[in-house]
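To start, the structure itself, in structure tokens.
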Amino acid sequence: MANTKQFTERELDRIIEMAWEDRTPFEEILFQFELPEKEVIKVMRSNLKASSFKLWRKRINSGVSQKHLKKRNPDISRFKCSRQKAISGNKISKR
């Protein structure tokens, strides 16, 4: 883990929020934060309670979540809810 990126608290909050959202694929987290799926899992494991992490992993692997673009319905062309504030390609949105 010597080359693990350091994130601000706000970036970390946004990564966790994006990881928790069913609609946001891991590829979008990689695009915005240069954080691959394995690293997202490490971030979630180290920042959530054990029970919350287990629930998240169960949900991600259940098929309910569409965290992987390959498993996603091709009719879905966006990664966020239409009612969600805009997310730029440059890090995190303004709140």
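The way I read the labels, and the way they are meant: chains A, B, ... in the order of the structure tokens, residue 1 as the first residue of every chain, and ligand 1 as the first ligand shown, with later ones counted on from there.
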If you count only C-alpha atoms, which residues fall within 10 Å of Met18 in chain A, apart from same-chain ones fewer than 2 positions away, as number ranges by chain?
-> A: 12-16, 20-26, 28-29, 40, 67, 79-80
Which residues, written as an MDAnalysis selection string, have at least one atom at most 12 Å from Leu48 in chain A, with only C-alpha atoms counted and residues fewer than 4 positions away on the same chain left out?
-> chainID A and resid 12:13 16:17 19:20 40:44 52:57
Would you mind exporting the chosen residues as a compact mmCIF listing (two decimals), in the first residue's frame, restricted to all heavy atoms?
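File out14.txt, as written:
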```txt
# COMPACT_ATOMS: atom_id res chain seq x y z
N LEU A 12 -12.76 11.56 0.01
CA LEU A 12 -13.05 10.26 0.60
C LEU A 12 -14.55 10.09 0.80
O LEU A 12 -15.11 9.03 0.48
CB LEU A 12 -12.31 10.13 1.93
CG LEU A 12 -12.08 8.75 2.48
CD1 LEU A 12 -11.39 7.85 1.48
CD2 LEU A 12 -11.28 8.83 3.76
N ASP A 13 -15.21 11.12 1.30
CA ASP A 13 -16.67 11.07 1.47
C ASP A 13 -17.35 10.84 0.13
O ASP A 13 -18.31 10.07 0.04
CB ASP A 13 -17.20 12.37 2.09
CG ASP A 13 -16.91 12.49 3.57
OD1 ASP A 13 -16.52 11.47 4.20
OD2 ASP A 13 -17.07 13.60 4.11
N ILE A 16 -16.86 7.20 -1.09
CA ILE A 16 -17.74 6.30 -0.35
C ILE A 16 -19.19 6.47 -0.82
O ILE A 16 -19.90 5.48 -1.02
CB ILE A 16 -17.61 6.54 1.17
CG1 ILE A 16 -16.21 6.10 1.63
CG2 ILE A 16 -18.70 5.82 1.94
CD1 ILE A 16 -15.85 6.52 3.04
N GLU A 17 -19.60 7.70 -1.02
CA GLU A 17 -20.96 7.96 -1.51
C GLU A 17 -21.18 7.33 -2.89
O GLU A 17 -22.19 6.68 -3.13
CB GLU A 17 -21.17 9.47 -1.58
CG GLU A 17 -22.55 9.89 -2.04
CD GLU A 17 -22.71 11.39 -2.11
OE1 GLU A 17 -21.69 12.13 -2.13
OE2 GLU A 17 -23.86 11.85 -2.17
N ALA A 19 -19.50 4.84 -4.19
CA ALA A 19 -19.43 3.38 -4.07
C ALA A 19 -20.73 2.82 -3.51
O ALA A 19 -21.17 1.74 -3.89
CB ALA A 19 -18.25 2.99 -3.18
N TRP A 20 -21.38 3.57 -2.63
CA TRP A 20 -22.62 3.11 -2.01
C TRP A 20 -23.79 3.17 -2.98
O TRP A 20 -24.72 2.37 -2.91
CB TRP A 20 -22.91 3.94 -0.76
CG TRP A 20 -23.87 3.25 0.14
CD1 TRP A 20 -25.21 3.46 0.21
CD2 TRP A 20 -23.60 2.21 1.09
NE1 TRP A 20 -25.77 2.64 1.14
CE2 TRP A 20 -24.82 1.86 1.70
CE3 TRP A 20 -22.44 1.56 1.49
CZ2 TRP A 20 -24.90 0.87 2.67
CZ3 TRP A 20 -22.53 0.59 2.46
CH2 TRP A 20 -23.74 0.26 3.04
N VAL A 40 -11.12 0.70 -4.24
CA VAL A 40 -12.40 1.17 -3.69
C VAL A 40 -12.83 0.24 -2.57
O VAL A 40 -13.28 0.69 -1.51
CB VAL A 40 -13.49 1.26 -4.79
CG1 VAL A 40 -14.85 1.57 -4.17
CG2 VAL A 40 -13.12 2.30 -5.83
N ILE A 41 -12.67 -1.06 -2.79
CA ILE A 41 -13.04 -2.04 -1.76
C ILE A 41 -12.19 -1.82 -0.51
O ILE A 41 -12.71 -1.85 0.61
CB ILE A 41 -12.88 -3.48 -2.31
CG1 ILE A 41 -13.93 -3.72 -3.41
CG2 ILE A 41 -12.99 -4.51 -1.20
CD1 ILE A 41 -13.70 -4.98 -4.21
N LYS A 42 -10.90 -1.55 -0.69
CA LYS A 42 -10.03 -1.28 0.47
C LYS A 42 -10.48 -0.02 1.21
O LYS A 42 -10.49 0.01 2.44
CB LYS A 42 -8.58 -1.13 0.04
CG LYS A 42 -7.93 -2.43 -0.39
CD LYS A 42 -6.50 -2.19 -0.85
CE LYS A 42 -5.86 -3.45 -1.37
NZ LYS A 42 -4.50 -3.21 -1.88
N VAL A 43 -10.84 1.01 0.45
CA VAL A 43 -11.32 2.26 1.07
C VAL A 43 -12.59 1.99 1.88
O VAL A 43 -12.72 2.44 3.01
CB VAL A 43 -11.58 3.35 -0.01
CG1 VAL A 43 -12.38 4.51 0.55
CG2 VAL A 43 -10.26 3.84 -0.58
N MET A 44 -13.50 1.24 1.27
CA MET A 44 -14.76 0.94 1.96
C MET A 44 -14.50 0.10 3.22
O MET A 44 -15.08 0.35 4.27
CB MET A 44 -15.72 0.22 1.02
CG MET A 44 -16.17 1.05 -0.16
SD MET A 44 -17.12 2.52 0.31
CE MET A 44 -18.74 1.80 0.47
N SER A 52 -21.44 -2.77 8.12
CA SER A 52 -21.82 -1.96 6.95
C SER A 52 -21.05 -2.41 5.72
O SER A 52 -21.61 -2.48 4.62
CB SER A 52 -21.54 -0.48 7.21
OG SER A 52 -22.35 -0.01 8.26
N PHE A 53 -19.78 -2.72 5.90
CA PHE A 53 -18.97 -3.21 4.77
C PHE A 53 -19.53 -4.51 4.24
O PHE A 53 -19.66 -4.69 3.02
CB PHE A 53 -17.50 -3.38 5.18
CG PHE A 53 -16.66 -3.97 4.09
CD1 PHE A 53 -16.28 -3.22 3.00
CD2 PHE A 53 -16.28 -5.31 4.14
CE1 PHE A 53 -15.52 -3.77 1.97
CE2 PHE A 53 -15.53 -5.87 3.12
CZ PHE A 53 -15.14 -5.09 2.04
N LYS A 54 -19.90 -5.43 5.14
CA LYS A 54 -20.46 -6.72 4.71
C LYS A 54 -21.77 -6.52 3.95
O LYS A 54 -22.00 -7.18 2.93
CB LYS A 54 -20.67 -7.63 5.92
CG LYS A 54 -19.38 -8.18 6.48
CD LYS A 54 -19.62 -9.01 7.72
CE LYS A 54 -18.30 -9.41 8.35
NZ LYS A 54 -18.49 -10.11 9.62
N LEU A 55 -22.62 -5.62 4.43
CA LEU A 55 -23.87 -5.32 3.72
C LEU A 55 -23.60 -4.75 2.34
O LEU A 55 -24.26 -5.13 1.36
CB LEU A 55 -24.72 -4.33 4.53
CG LEU A 55 -25.44 -4.87 5.75
CD1 LEU A 55 -26.06 -3.72 6.54
CD2 LEU A 55 -26.51 -5.86 5.33
N TRP A 56 -22.63 -3.86 2.25
CA TRP A 56 -22.28 -3.24 0.97
C TRP A 56 -21.78 -4.30 -0.01
O TRP A 56 -22.22 -4.36 -1.15
CB TRP A 56 -21.24 -2.15 1.18
CG TRP A 56 -20.76 -1.53 -0.09
CD1 TRP A 56 -21.44 -0.67 -0.89
CD2 TRP A 56 -19.49 -1.75 -0.72
NE1 TRP A 56 -20.67 -0.33 -1.98
CE2 TRP A 56 -19.47 -0.97 -1.90
CE3 TRP A 56 -18.37 -2.50 -0.39
CZ2 TRP A 56 -18.38 -0.94 -2.75
CZ3 TRP A 56 -17.28 -2.47 -1.24
CH2 TRP A 56 -17.29 -1.69 -2.41
N ARG A 57 -20.86 -5.15 0.43
CA ARG A 57 -20.31 -6.19 -0.45
C ARG A 57 -21.40 -7.16 -0.90
O ARG A 57 -21.44 -7.56 -2.06
CB ARG A 57 -19.19 -6.97 0.26
CG ARG A 57 -17.92 -6.21 0.41
CD ARG A 57 -17.27 -5.86 -0.90
NE ARG A 57 -16.73 -7.05 -1.52
CZ ARG A 57 -16.41 -7.17 -2.80
NH1 ARG A 57 -16.59 -6.18 -3.62
NH2 ARG A 57 -15.93 -8.28 -3.27
```
